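Report on the following structure.
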Amino acid sequence: MAASIVLENVSKTFTLRYHRTFKEVTVAKVRGHETSENFKAIDDVSFTVEQGESIGLMGLNGSGKSTLLKMINGVMRPDEGNLLTRGRIAGLIATGAGFHPQLTGRDNLVLNAAILGMSERELQRKFDDIVEFAELGRTLDAPVGHYSSGQKARLGFAVAIHVDSDIFLADEVLAVGDKPFRVKCIQKMTEIRKSGRTLFYVSHSPGSVKRMCDRVIVLENGRLGFDGDPDAGIHYLHYDGDDLAGTETDAQIGNDI
Ligand SMILES: Nc1ncnc2c1ncn2[C@@H]1O[C@H](COP(=O)(O)OP(=O)(O)OP(=O)(O)O)[C@@H](O)[C@H]1O
């Protein structure tokens, strides 16, 4: 099996600013207070994902999951270490990211598909399927700036899922979708998993992670806390409480996303 994603000692540092205005910063400096602080959102993380593996990326709020996903996707670069990916990457890493608010959903669909590398012919072939998956009805011809977060997620996910990719990234953007849509997304991601593509799925939901992932990576304050079997990873996070890790049916699976 070939490596799909390789991280070697990857770190990403952000600056946390305590004050927003010039006046606040000046006052703080005069009083000898700190005005900002650097911290590592991702701290010396290394792992290798083989092609076809399905990874559940878990961790508490602020542990660095989205930051890691953005680096894998290429929208952010590591400050330290090496990050290598093999093949085409698609997915949804932030609701509404990459959409132009003044353009309609239809126009954004075309634009987004092109940005993700879909040829004109490919888009013509898949257009109706994408529209059908998004189920936006007449809203498709309204400006995206007027969309709800769930509607943006529908459009973004519908396009991303139809891109022929080797790696599919999904952040918790699904959380803003309604239940029927979440169930549909989970079914699509299960298809991706079965097709041998690499799936990288950020989630707080033990049920869906257990169902879809064969390996769990847990981040803790930007560091790699756990990497291994999903059940053990969920246990490591203490997410295996009674009603969280249940054995959902297909209809229930969207509940915990
Ligand atoms: N552009 C940025 N500038 C400064 N700090 C940032 C930036 N993006 C993220 N952070 C900080 O980095 C840390 C990790 O954020 P990240 O969004 O990766 O966490 P997460 O694990 O995805 O959280 P959640 O589960 O809440 O979505 C947080 O403390 C966050 O405030």
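Order determines the names: the first chain of the structure tokens is A, the second B, and so forth; residues in each chain are numbered 1 upward, and ligands are numbered 1 upward as they are shown.
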Report as an mmCIF file with N, CA and C atoms, in the first residue's frame all protein, DNA and RNA residues lying within 6 Å of segment 42-54 of chain A, evaluated on only C-alpha atoms, omitting residues in the same chain fewer than 5 positions from it.
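What follows is the written file result_27.cif:
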data_model
loop_
_atom_site.group_PDB
_atom_site.id
_atom_site.type_symbol
_atom_site.label_atom_id
_atom_site.label_comp_id
_atom_site.auth_asym_id
_atom_site.auth_seq_id
_atom_site.Cartn_x
_atom_site.Cartn_y
_atom_site.Cartn_z
ATOM 1 N N ALA A 2 0.458 2.278 -0.766
ATOM 2 C CA ALA A 2 1.262 3.511 -0.836
ATOM 3 C C ALA A 2 0.818 4.492 0.238
ATOM 4 N N ALA A 3 1.759 5.299 0.674
ATOM 5 C CA ALA A 3 1.409 6.325 1.662
ATOM 6 C C ALA A 3 0.573 7.412 0.994
ATOM 7 N N SER A 4 -0.454 7.853 1.691
ATOM 8 C CA SER A 4 -1.356 8.870 1.151
ATOM 9 C C SER A 4 -1.100 10.234 1.792
ATOM 10 N N ILE A 5 -0.869 10.224 3.111
ATOM 11 C CA ILE A 5 -0.587 11.458 3.854
ATOM 12 C C ILE A 5 0.570 11.153 4.819
ATOM 13 N N VAL A 6 1.612 11.949 4.749
ATOM 14 C CA VAL A 6 2.740 11.748 5.670
ATOM 15 C C VAL A 6 3.036 13.054 6.406
ATOM 16 N N LEU A 7 3.019 12.997 7.725
ATOM 17 C CA LEU A 7 3.406 14.166 8.530
ATOM 18 C C LEU A 7 4.652 13.809 9.321
ATOM 19 N N GLU A 8 5.669 14.665 9.225
ATOM 20 C CA GLU A 8 6.905 14.444 9.997
ATOM 21 C C GLU A 8 7.164 15.667 10.857
ATOM 22 N N ASN A 9 6.958 15.521 12.152
ATOM 23 C CA ASN A 9 7.256 16.586 13.123
ATOM 24 C C ASN A 9 6.643 17.929 12.720
ATOM 25 N N VAL A 10 5.365 17.887 12.363
ATOM 26 C CA VAL A 10 4.687 19.098 11.878
ATOM 27 C C VAL A 10 4.228 19.979 13.043
ATOM 28 N N SER A 11 4.516 21.273 12.939
ATOM 29 C CA SER A 11 4.045 22.245 13.943
ATOM 30 C C SER A 11 3.462 23.457 13.238
ATOM 31 N N LYS A 12 2.481 24.076 13.890
ATOM 32 C CA LYS A 12 1.906 25.325 13.384
ATOM 33 C C LYS A 12 1.716 26.283 14.567
ATOM 34 N N GLY A 64 -6.874 21.435 17.706
ATOM 35 C CA GLY A 64 -6.065 21.593 16.495
ATOM 36 C C GLY A 64 -6.537 20.811 15.278
ATOM 37 N N GLY A 196 -11.915 2.666 -1.668
ATOM 38 C CA GLY A 196 -10.456 2.614 -1.540
ATOM 39 C C GLY A 196 -9.798 3.980 -1.507
ATOM 40 N N ARG A 197 -10.615 5.043 -1.416
ATOM 41 C CA ARG A 197 -10.022 6.376 -1.281
ATOM 42 C C ARG A 197 -9.702 6.616 0.199
ATOM 43 N N THR A 198 -8.787 7.533 0.438
ATOM 44 C CA THR A 198 -8.426 7.856 1.823
ATOM 45 C C THR A 198 -9.459 8.829 2.377
ATOM 46 N N LEU A 199 -9.957 8.526 3.555
ATOM 47 C CA LEU A 199 -10.965 9.400 4.179
ATOM 48 C C LEU A 199 -10.398 9.957 5.483
ATOM 49 N N CYS A 213 -14.655 4.664 10.381
ATOM 50 C CA CYS A 213 -13.193 4.791 10.420
ATOM 51 C C CYS A 213 -12.521 3.513 10.922
ATOM 52 N N ASP A 214 -11.356 3.196 10.335
ATOM 53 C CA ASP A 214 -10.638 2.037 10.842
ATOM 54 C C ASP A 214 -9.463 2.444 11.725
ATOM 55 N N GLY A 222 -2.926 20.239 20.508
ATOM 56 C CA GLY A 222 -2.040 20.279 19.350
ATOM 57 C C GLY A 222 -1.080 19.116 19.234
ATOM 58 N N ARG A 223 -1.020 18.266 20.254
ATOM 59 C CA ARG A 223 -0.091 17.133 20.201
ATOM 60 C C ARG A 223 -0.847 15.841 19.903
ATOM 61 N N LEU A 224 -0.117 14.876 19.374
ATOM 62 C CA LEU A 224 -0.735 13.584 19.076
ATOM 63 C C LEU A 224 -0.922 12.816 20.384
#
Using only C-alpha atoms and all ligand atoms, find each residue in chain A having at least one atom no more than 9 Å away from ligand 1; report its shortest atom-to-atom pair and that distance in Å (one decimal), rows by chain then rising number, as CSV.
residue,atom,partner,partner_atom_place_in_ligand_line,distance
A:Lys12,CA,ligand 1,12 (O),8.9
A:Thr13,CA,ligand 1,5 (N),8.2
A:Phe14,CA,ligand 1,4 (C),4.7
A:Thr15,CA,ligand 1,4 (C),5.4
A:Leu16,CA,ligand 1,4 (C),5.7
A:Arg17,CA,ligand 1,4 (C),8.2
A:Asn38,CA,ligand 1,4 (C),8.9
A:Phe39,CA,ligand 1,12 (O),8.1
A:Lys40,CA,ligand 1,12 (O),7.6
A:Ala41,CA,ligand 1,12 (O),4.6
A:Ile42,CA,ligand 1,14 (C),7.6
A:Met58,CA,ligand 1,21 (O),7.7
A:Gly59,CA,ligand 1,21 (O),6.1
A:Leu60,CA,ligand 1,25 (O),5.5
A:Asn61,CA,ligand 1,25 (O),3.4
A:Gly62,CA,ligand 1,19 (O),3.4
A:Ser63,CA,ligand 1,21 (O),3.8
A:Gly64,CA,ligand 1,18 (O),3.2
A:Lys65,CA,ligand 1,21 (O),3.8
A:Ser66,CA,ligand 1,22 (O),3.7
A:Thr67,CA,ligand 1,18 (O),3.8
A:Leu68,CA,ligand 1,18 (O),6.4
A:Leu69,CA,ligand 1,18 (O),8.0
A:Lys70,CA,ligand 1,18 (O),8.4
A:Asp171,CA,ligand 1,22 (O),8.2
A:Glu172,CA,ligand 1,27 (O),7.3
A:Val202,CA,ligand 1,22 (O),8.1
A:Ser203,CA,ligand 1,25 (O),8.0
A:His204,CA,ligand 1,25 (O),7.5
A:Leu219,CA,ligand 1,21 (O),7.5
A:Glu220,CA,ligand 1,21 (O),8.5
A:Asn221,CA,ligand 1,14 (C),7.7
A:Gly222,CA,ligand 1,14 (C),7.1
Output of the above residues as a tab-separated table (two decimals), in the first residue's frame, restricted to C-alpha atoms:
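What follows is the written file part-v4.tsv:
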chain	number	residue	atom	x	y	z
A	12	LYS	CA	1.91	25.33	13.38
A	13	THR	CA	2.25	28.42	15.55
A	14	PHE	CA	-0.46	31.07	15.94
A	15	THR	CA	-0.38	34.41	17.69
A	16	LEU	CA	-3.05	35.06	20.27
A	17	ARG	CA	-3.66	38.81	20.57
A	38	ASN	CA	2.51	32.67	20.49
A	39	PHE	CA	1.21	29.17	20.88
A	40	LYS	CA	1.49	25.95	18.91
A	41	ALA	CA	-1.93	24.90	17.57
A	42	ILE	CA	-0.15	21.84	16.14
A	58	MET	CA	-10.92	13.50	17.22
A	59	GLY	CA	-10.09	15.77	20.15
A	60	LEU	CA	-11.61	18.42	22.36
A	61	ASN	CA	-12.56	21.89	21.09
A	62	GLY	CA	-9.46	23.86	20.15
A	63	SER	CA	-7.18	20.81	20.06
A	64	GLY	CA	-6.06	21.59	16.49
A	65	LYS	CA	-8.21	19.34	14.28
A	66	SER	CA	-9.31	22.00	11.78
A	67	THR	CA	-5.81	23.45	11.66
A	68	LEU	CA	-4.40	20.04	10.82
A	69	LEU	CA	-7.04	19.50	8.14
A	70	LYS	CA	-6.28	22.89	6.60
A	171	ASP	CA	-14.66	18.63	8.88
A	172	GLU	CA	-17.58	18.89	11.24
A	202	VAL	CA	-13.07	15.18	11.83
A	203	SER	CA	-15.75	14.35	14.35
A	204	HIS	CA	-16.86	14.48	17.95
A	219	LEU	CA	-5.18	15.53	19.22
A	220	GLU	CA	-4.58	17.02	22.66
A	221	ASN	CA	-3.58	20.67	22.78
A	222	GLY	CA	-2.04	20.28	19.35
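Candidate residues A:Leu111, A:Val75, A:Leu103, A:Gly56 were compared for distance to Val218 of chain A, and the nearest is A:Gly56, using only C-alpha atoms.
The smallest atom-to-atom distance between Gly145 of chain A and any of A:His100, A:Arg88, A:Arg121, A:Lys188, using only C-alpha atoms, is found for A:His100.
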Inset, instruction - Identify, on the basis of only C-alpha atoms, every residue whose closest approach to Gly177 of chain A does not exceed 9 Å; exclude the query and any residue fewer than 6 positions from it along the same chain; express the result as an NGL selection string. - result: :A and (149-151 or 153-154)
Legend entry - Residue neighbourhood Val159 of chain A, 9 Å, only C-alpha atoms, exclusion window fewer than 4 positions, as a count of residues only: 14
Inset, instruction - Would you kindly return, as a PyMOL selection string, each protein, DNA or RNA residue with an atom no farther than 8 Å from any atom of Phe200 of chain A, considering only C-alpha atoms and excluding same-chain residues fewer than 5 positions away? - result: chain A and resi 54-57+167-170
